[in-house]
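Step one of this worksheet: look at the structure below.
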Amino acid sequence: MKTQRPQFSRRDLLKAAGATLAVPVFLKNAFAAPAPGAVPNLVLLHTTNGTHQAAFWPAPGTFDSPILHTLLTDPVLGPKTTLIKGINYHPIGNPSGNGHDQGFHGLYSGFDSIAGPGGSFGGGISLDQRVAREVPFPAGKLKNIHCGVQAVNYQAINAGRISFSAVGPAQQIPCVLDLYALYNTVFGTPPTGNTTADQAAAQTLLAQRKSILDLVASDLTALENRLGPNEKQKVDLHLTAVRDFETRLSASHASVVAGCSNVKPSQTGVNTSGQGNEANAEVLEHLFMEFIANTVGCNMVGVLSFQFGRGGDHFHYKWLNIPGTPADCHDLVAHLDTGDPNIARIFTAIKVWYTTIVSELATRLSMIPQGNGATALDNSLVVWGNEIATGPHGMTNIPIVFLGGAAGRLAKTGYVVDAGPQPHQRLGATVLNIMGIPAAGFGGFPTCGLISGLALS
């Protein structure tokens, strides 16, 4: 079957995104060159329900496909895109749940999913949390943010599918949905100016915030001493976050105010909630790509993970106006992608839309200079993965895309890695090594090795 290729260009993307894609002048001029050997910023993107394989992967000897056309043919983004073919889900034992649960939790953890209260959960620490824990990011830099868009009109299938980020077995990190709260967390620095009074006011506000954090930390420490091991670990996580934020307040005031204190979302007042809010899903996806680019471009976070929905999402995609789209694209499109050309048409069009969203993020990063001729895209590693390979729960050839140069740690970009079947744990092991964490394996497969065929510096 020949799938019709939608035609999008970089100009189309810029036009579609409108003014929201423009990078403010103060933001363009706010960055210095990263220190030699600096660790790249890491962004983990997680989509669901697999892809239409025939329309995703380029034909042998080519570097284009119907689904990825916007990305691969872009003169800036294409040469900085690396496709990782042959990644297969590799269970260690008997993972809990179905393919959605197993891949949602397993792709970025390397562990089998396990049964937990109300659903299937991650069987161990996820990649984002491990990087945040083990990489010595500079003082004043948030270690990690886990966020996403869950503006859907259906009930969550189970509690485990709400977040893939975890600090341990069945110990989820909440997925933050409130875009505006995130802006306040990252860019909500005290007001400042050039006058003595402005500086005094800023220092007073800093002292007040630190005083509040000191009280919170004191209460958490007291509570921690009265709890059992499991509850103590959860409180310790909150205590660590409080201390990290206090360090950031102390260390980053001058540098943040100098370049990025006025970063704001291009659109305010959008409902960011989950259940029953699908009318706002599309605009929220765009706004989150803007937030991720601003946060990474300002070097405000070490690792940022983002969910395009919950595990096994049930978006209706009404905003795409695809002719013939049924009410439930999970059960009546993804699950039925087994040869029907009409289903393939709809499924491919949905996946093309995801490519435009990811391309928008990459375009934004490519427009932010960071000194020495490099951009935020050059200095970042964006990993775009999926919980499964095909809509009917296929787990062979999971679509994996690398974007960016990883601060020079990718020796080559702009090609397809196709070295045959490889266990999915190699993805995590490879990312750990790129981030400066020596690892022979990942998750439940400690000797899996790195991705074969990927050129690393």
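Chains: A, B, ... in order of the structure tokens. Residues: from 1 per chain. Ligands: from 1, in order shown.
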Excluding range 278-281 of chain A and its own-chain neighbours fewer than 2 positions away, which residues fall within 9 Å of it when counting only C-alpha atoms? Please give them as a short mmCIF file (atom, residue, chain, number, x, y, z; two decimals) with N, CA and C atoms, in the first residue's frame.
data_model
loop_
_atom_site.label_atom_id
_atom_site.label_comp_id
_atom_site.auth_asym_id
_atom_site.auth_seq_id
_atom_site.Cartn_x
_atom_site.Cartn_y
_atom_site.Cartn_z
N VAL A 149 0.84 16.50 29.16
CA VAL A 149 -0.52 16.90 28.82
C VAL A 149 -1.41 15.66 28.93
N GLN A 150 -2.40 15.75 29.80
CA GLN A 150 -3.34 14.65 29.97
C GLN A 150 -4.77 15.15 29.82
N ALA A 151 -4.95 16.16 28.96
CA ALA A 151 -6.26 16.77 28.74
C ALA A 151 -7.08 15.86 27.84
N VAL A 152 -7.72 14.89 28.43
CA VAL A 152 -8.44 13.87 27.68
C VAL A 152 -9.85 13.70 28.25
N ASN A 153 -10.74 13.16 27.43
CA ASN A 153 -12.12 12.98 27.85
C ASN A 153 -12.42 11.53 28.19
N VAL A 270 -5.20 29.22 29.78
CA VAL A 270 -5.64 27.94 29.22
C VAL A 270 -5.80 26.92 30.35
N ASN A 271 -6.92 26.23 30.37
CA ASN A 271 -7.16 25.20 31.37
C ASN A 271 -6.17 24.05 31.15
N THR A 272 -5.36 23.74 32.14
CA THR A 272 -4.32 22.72 31.98
C THR A 272 -4.69 21.39 32.63
N GLY A 274 -6.59 17.68 33.47
CA GLY A 274 -6.61 16.45 32.70
C GLY A 274 -8.00 16.04 32.27
N GLN A 275 -8.66 15.26 33.11
CA GLN A 275 -9.93 14.65 32.77
C GLN A 275 -10.95 15.68 32.26
N GLY A 276 -11.55 15.38 31.09
CA GLY A 276 -12.61 16.20 30.55
C GLY A 276 -12.17 17.47 29.87
N VAL A 283 -3.62 23.01 22.02
CA VAL A 283 -2.91 24.23 22.38
C VAL A 283 -1.94 23.96 23.52
N LEU A 284 -2.29 23.05 24.42
CA LEU A 284 -1.39 22.73 25.53
C LEU A 284 -0.12 22.03 25.03
N GLU A 285 -0.26 21.16 24.02
CA GLU A 285 0.94 20.52 23.47
C GLU A 285 1.90 21.57 22.92
N HIS A 286 1.37 22.55 22.20
CA HIS A 286 2.22 23.62 21.66
C HIS A 286 2.85 24.44 22.80
N PHE A 315 -6.96 9.74 23.27
CA PHE A 315 -7.33 11.01 22.65
C PHE A 315 -8.25 10.75 21.45
N HIS A 316 -9.16 11.68 21.22
CA HIS A 316 -10.08 11.57 20.08
C HIS A 316 -9.55 12.31 18.85
N TYR A 317 -8.64 13.26 19.05
CA TYR A 317 -7.98 14.01 17.97
C TYR A 317 -8.98 14.76 17.08
N LYS A 318 -10.03 15.29 17.69
CA LYS A 318 -11.02 16.01 16.90
C LYS A 318 -10.42 17.24 16.24
N TRP A 319 -9.40 17.82 16.86
CA TRP A 319 -8.80 19.04 16.32
C TRP A 319 -8.10 18.80 14.98
#
Quick check for you: according to DSSP on this backbone, which residues of range 262-376 of chain A are classed as helix (DSSP H, G or I)? Reply as a PyMOL selection string. chain A and resi 278-297+318-320+334-336+341-366
Residues from last step as file, N, CA and C atoms, as a compact mmCIF listing (two decimals), in the first residue's frame:
# COMPACT_ATOMS: atom_id res chain seq x y z
N GLU A 278 -10.19 17.77 26.85
CA GLU A 278 -9.53 17.52 25.57
C GLU A 278 -9.64 18.69 24.60
N ALA A 279 -10.60 19.56 24.80
CA ALA A 279 -10.73 20.73 23.92
C ALA A 279 -9.47 21.58 23.94
N ASN A 280 -8.69 21.49 25.01
CA ASN A 280 -7.48 22.30 25.13
C ASN A 280 -6.20 21.50 24.87
N ALA A 281 -6.34 20.25 24.46
CA ALA A 281 -5.17 19.39 24.32
C ALA A 281 -4.18 19.93 23.30
N GLU A 282 -4.64 20.33 22.13
CA GLU A 282 -3.72 20.76 21.09
C GLU A 282 -2.93 22.00 21.50
N VAL A 283 -3.62 23.01 22.02
CA VAL A 283 -2.91 24.23 22.38
C VAL A 283 -1.94 23.96 23.52
N LEU A 284 -2.29 23.05 24.42
CA LEU A 284 -1.39 22.73 25.53
C LEU A 284 -0.12 22.03 25.03
N GLU A 285 -0.26 21.16 24.02
CA GLU A 285 0.94 20.52 23.47
C GLU A 285 1.90 21.57 22.92
N HIS A 286 1.37 22.55 22.20
CA HIS A 286 2.22 23.62 21.66
C HIS A 286 2.85 24.44 22.80
N LEU A 287 2.05 24.77 23.80
CA LEU A 287 2.57 25.60 24.90
C LEU A 287 3.63 24.86 25.70
N PHE A 288 3.48 23.55 25.84
CA PHE A 288 4.50 22.79 26.56
C PHE A 288 5.79 22.69 25.76
N MET A 289 5.69 22.59 24.43
CA MET A 289 6.92 22.60 23.64
C MET A 289 7.65 23.93 23.82
N GLU A 290 6.90 25.02 23.89
CA GLU A 290 7.49 26.33 24.15
C GLU A 290 8.15 26.35 25.52
N PHE A 291 7.48 25.81 26.54
CA PHE A 291 8.03 25.78 27.89
C PHE A 291 9.32 24.95 27.94
N ILE A 292 9.29 23.78 27.31
CA ILE A 292 10.48 22.92 27.33
C ILE A 292 11.65 23.64 26.67
N ALA A 293 11.41 24.28 25.53
CA ALA A 293 12.48 24.99 24.83
C ALA A 293 13.02 26.14 25.67
N ASN A 294 12.13 26.89 26.31
CA ASN A 294 12.57 28.00 27.15
C ASN A 294 13.39 27.50 28.34
N THR A 295 12.93 26.42 28.95
CA THR A 295 13.60 25.89 30.13
C THR A 295 14.97 25.32 29.79
N VAL A 296 15.02 24.55 28.71
CA VAL A 296 16.29 23.97 28.28
C VAL A 296 17.22 25.06 27.74
N GLY A 297 16.66 25.98 26.96
CA GLY A 297 17.47 27.05 26.39
C GLY A 297 18.10 27.94 27.43
N LYS A 318 -10.03 15.29 17.69
CA LYS A 318 -11.02 16.01 16.90
C LYS A 318 -10.42 17.24 16.24
N TRP A 319 -9.40 17.82 16.86
CA TRP A 319 -8.80 19.04 16.32
C TRP A 319 -8.10 18.80 14.98
N LEU A 320 -7.81 17.54 14.65
CA LEU A 320 -7.13 17.24 13.40
C LEU A 320 -8.08 17.16 12.21
N ALA A 334 -5.78 2.50 16.51
CA ALA A 334 -4.49 1.89 16.84
C ALA A 334 -4.58 0.37 16.92
N HIS A 335 -5.55 -0.13 17.67
CA HIS A 335 -5.68 -1.58 17.84
C HIS A 335 -6.03 -2.30 16.54
N LEU A 336 -6.63 -1.59 15.59
CA LEU A 336 -7.09 -2.21 14.35
C LEU A 336 -6.14 -1.98 13.18
N PRO A 341 -6.40 -0.32 4.81
CA PRO A 341 -5.80 0.93 4.33
C PRO A 341 -6.45 2.18 4.90
N ASN A 342 -7.73 2.12 5.22
CA ASN A 342 -8.39 3.29 5.79
C ASN A 342 -7.91 3.55 7.21
N ILE A 343 -7.75 2.48 7.99
CA ILE A 343 -7.20 2.61 9.34
C ILE A 343 -5.77 3.13 9.26
N ALA A 344 -5.00 2.61 8.32
CA ALA A 344 -3.61 3.06 8.16
C ALA A 344 -3.56 4.54 7.83
N ARG A 345 -4.48 5.00 7.01
CA ARG A 345 -4.52 6.43 6.64
C ARG A 345 -4.75 7.30 7.88
N ILE A 346 -5.72 6.92 8.70
CA ILE A 346 -6.04 7.71 9.89
C ILE A 346 -4.89 7.67 10.89
N PHE A 347 -4.38 6.47 11.12
CA PHE A 347 -3.30 6.30 12.10
C PHE A 347 -2.06 7.08 11.67
N THR A 348 -1.74 7.04 10.38
CA THR A 348 -0.58 7.77 9.88
C THR A 348 -0.77 9.27 10.05
N ALA A 349 -1.96 9.77 9.77
CA ALA A 349 -2.21 11.20 9.91
C ALA A 349 -2.06 11.66 11.36
N ILE A 350 -2.49 10.83 12.30
CA ILE A 350 -2.33 11.15 13.72
C ILE A 350 -0.84 11.23 14.07
N LYS A 351 -0.08 10.27 13.58
CA LYS A 351 1.35 10.24 13.90
C LYS A 351 2.11 11.37 13.21
N VAL A 352 1.65 11.80 12.04
CA VAL A 352 2.24 12.98 11.38
C VAL A 352 2.08 14.19 12.28
N TRP A 353 0.93 14.31 12.93
CA TRP A 353 0.71 15.47 13.82
C TRP A 353 1.72 15.46 14.97
N TYR A 354 1.98 14.30 15.55
CA TYR A 354 2.98 14.24 16.62
C TYR A 354 4.35 14.69 16.11
N THR A 355 4.67 14.35 14.88
CA THR A 355 5.94 14.79 14.31
C THR A 355 6.01 16.30 14.22
N THR A 356 4.90 16.95 13.86
CA THR A 356 4.92 18.41 13.79
C THR A 356 5.14 19.04 15.16
N ILE A 357 4.59 18.41 16.21
CA ILE A 357 4.77 18.94 17.56
C ILE A 357 6.22 18.79 18.01
N VAL A 358 6.79 17.60 17.79
CA VAL A 358 8.19 17.38 18.16
C VAL A 358 9.10 18.27 17.32
N SER A 359 8.77 18.45 16.05
CA SER A 359 9.57 19.33 15.19
C SER A 359 9.53 20.76 15.69
N GLU A 360 8.40 21.16 16.22
CA GLU A 360 8.30 22.51 16.78
C GLU A 360 9.27 22.69 17.93
N LEU A 361 9.34 21.70 18.82
CA LEU A 361 10.29 21.77 19.93
C LEU A 361 11.71 21.88 19.40
N ALA A 362 12.06 21.02 18.45
CA ALA A 362 13.42 21.03 17.91
C ALA A 362 13.72 22.35 17.21
N THR A 363 12.74 22.89 16.50
CA THR A 363 12.94 24.18 15.84
C THR A 363 13.20 25.28 16.85
N ARG A 364 12.44 25.30 17.92
CA ARG A 364 12.65 26.30 18.96
C ARG A 364 14.06 26.20 19.53
N LEU A 365 14.49 24.98 19.84
CA LEU A 365 15.82 24.80 20.39
C LEU A 365 16.90 25.23 19.39
N SER A 366 16.65 24.99 18.12
CA SER A 366 17.64 25.35 17.10
C SER A 366 17.75 26.85 16.91
Which residues come within 7 Å of range 123-131 of chain A, counting only C-alpha atoms, excluding same-chain residues fewer than 3 positions away, as a JSON list (two decimals) with N, CA, C and O atoms, in the first residue's frame?
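To be explicit, this is the file written out as part.json:
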[["chain", "number", "residue", "atom", "x", "y", "z"],
["A", 108, "TYR", "N", 11.71, 3.58, 29.57],
["A", 108, "TYR", "CA", 12.63, 4.50, 30.23],
["A", 108, "TYR", "C", 13.04, 4.05, 31.63],
["A", 108, "TYR", "O", 13.49, 4.85, 32.44],
["A", 109, "SER", "N", 12.88, 2.77, 31.93],
["A", 109, "SER", "CA", 13.38, 2.26, 33.21],
["A", 109, "SER", "C", 14.22, 1.00, 33.03],
["A", 109, "SER", "O", 15.13, 0.75, 33.81],
["A", 111, "PHE", "N", 13.13, -1.89, 33.58],
["A", 111, "PHE", "CA", 12.60, -2.89, 34.49],
["A", 111, "PHE", "C", 11.24, -3.39, 33.99],
["A", 111, "PHE", "O", 10.53, -2.69, 33.27],
["A", 112, "ASP", "N", 10.87, -4.59, 34.40],
["A", 112, "ASP", "CA", 9.52, -5.09, 34.16],
["A", 112, "ASP", "C", 8.53, -4.28, 34.99],
["A", 112, "ASP", "O", 8.83, -3.88, 36.13],
["A", 113, "SER", "N", 7.34, -4.06, 34.45],
["A", 113, "SER", "CA", 6.27, -3.44, 35.23],
["A", 113, "SER", "C", 5.81, -4.43, 36.30],
["A", 113, "SER", "O", 5.88, -5.65, 36.12],
["A", 114, "ILE", "N", 5.35, -3.89, 37.41],
["A", 114, "ILE", "CA", 4.92, -4.72, 38.54],
["A", 114, "ILE", "C", 3.51, -4.31, 38.96],
["A", 114, "ILE", "O", 3.08, -3.18, 38.73],
["A", 134, "GLU", "N", 22.33, 11.04, 39.70],
["A", 134, "GLU", "CA", 23.75, 10.71, 39.56],
["A", 134, "GLU", "C", 24.60, 11.73, 38.83],
["A", 134, "GLU", "O", 25.81, 11.73, 38.96],
["A", 135, "VAL", "N", 23.99, 12.60, 38.04],
["A", 135, "VAL", "CA", 24.77, 13.61, 37.33],
["A", 135, "VAL", "C", 24.96, 14.84, 38.22],
["A", 135, "VAL", "O", 23.98, 15.38, 38.74],
["A", 165, "SER", "N", 7.43, 8.22, 35.39],
["A", 165, "SER", "CA", 8.60, 8.60, 36.18],
["A", 165, "SER", "C", 8.50, 8.00, 37.57],
["A", 165, "SER", "O", 7.44, 8.04, 38.20],
["A", 166, "ALA", "N", 9.61, 7.41, 38.05],
["A", 166, "ALA", "CA", 9.59, 6.73, 39.35],
["A", 166, "ALA", "C", 10.96, 6.77, 39.99],
["A", 166, "ALA", "O", 11.98, 6.76, 39.31],
["A", 167, "VAL", "N", 10.98, 6.80, 41.31],
["A", 167, "VAL", "CA", 12.24, 6.75, 42.06],
["A", 167, "VAL", "C", 12.55, 5.36, 42.57],
["A", 167, "VAL", "O", 13.62, 5.11, 43.12],
["A", 168, "GLY", "N", 11.63, 4.43, 42.36],
["A", 168, "GLY", "CA", 11.82, 3.06, 42.79],
["A", 168, "GLY", "C", 10.60, 2.24, 42.41],
["A", 168, "GLY", "O", 9.67, 2.76, 41.77],
["A", 169, "PRO", "N", 10.56, 0.97, 42.76],
["A", 169, "PRO", "CA", 9.43, 0.12, 42.41],
["A", 169, "PRO", "C", 8.10, 0.68, 42.91],
["A", 169, "PRO", "O", 7.93, 0.92, 44.11],
["A", 170, "ALA", "N", 7.17, 0.91, 41.98],
["A", 170, "ALA", "CA", 5.84, 1.43, 42.31],
["A", 170, "ALA", "C", 5.89, 2.75, 43.08],
["A", 170, "ALA", "O", 4.97, 3.05, 43.84],
["A", 303, "VAL", "N", 17.42, 17.44, 33.44],
["A", 303, "VAL", "CA", 16.66, 16.47, 32.65],
["A", 303, "VAL", "C", 15.18, 16.80, 32.78],
["A", 303, "VAL", "O", 14.68, 17.02, 33.88],
["A", 305, "SER", "N", 11.40, 15.39, 31.51],
["A", 305, "SER", "CA", 10.64, 14.31, 30.88],
["A", 305, "SER", "C", 9.21, 14.78, 30.66],
["A", 305, "SER", "O", 8.63, 15.48, 31.48],
["A", 428, "GLY", "N", 18.44, 3.00, 27.49],
["A", 428, "GLY", "CA", 18.78, 3.64, 28.75],
["A", 428, "GLY", "C", 20.26, 3.61, 29.04],
["A", 428, "GLY", "O", 20.83, 4.61, 29.51]]
Excluding Phe63 in chain A and any residue of its chain fewer than 2 positions from it, enumerate the residues within 9 Å of it, using only C-alpha atoms, and give them as a PyMOL selection string. chain A and resi 57-61+65+69+72-73+78+414-416
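Between CA of Asn299 in chain A and CA of Val176 in chain A the interatomic distance comes to 19.6 Å.
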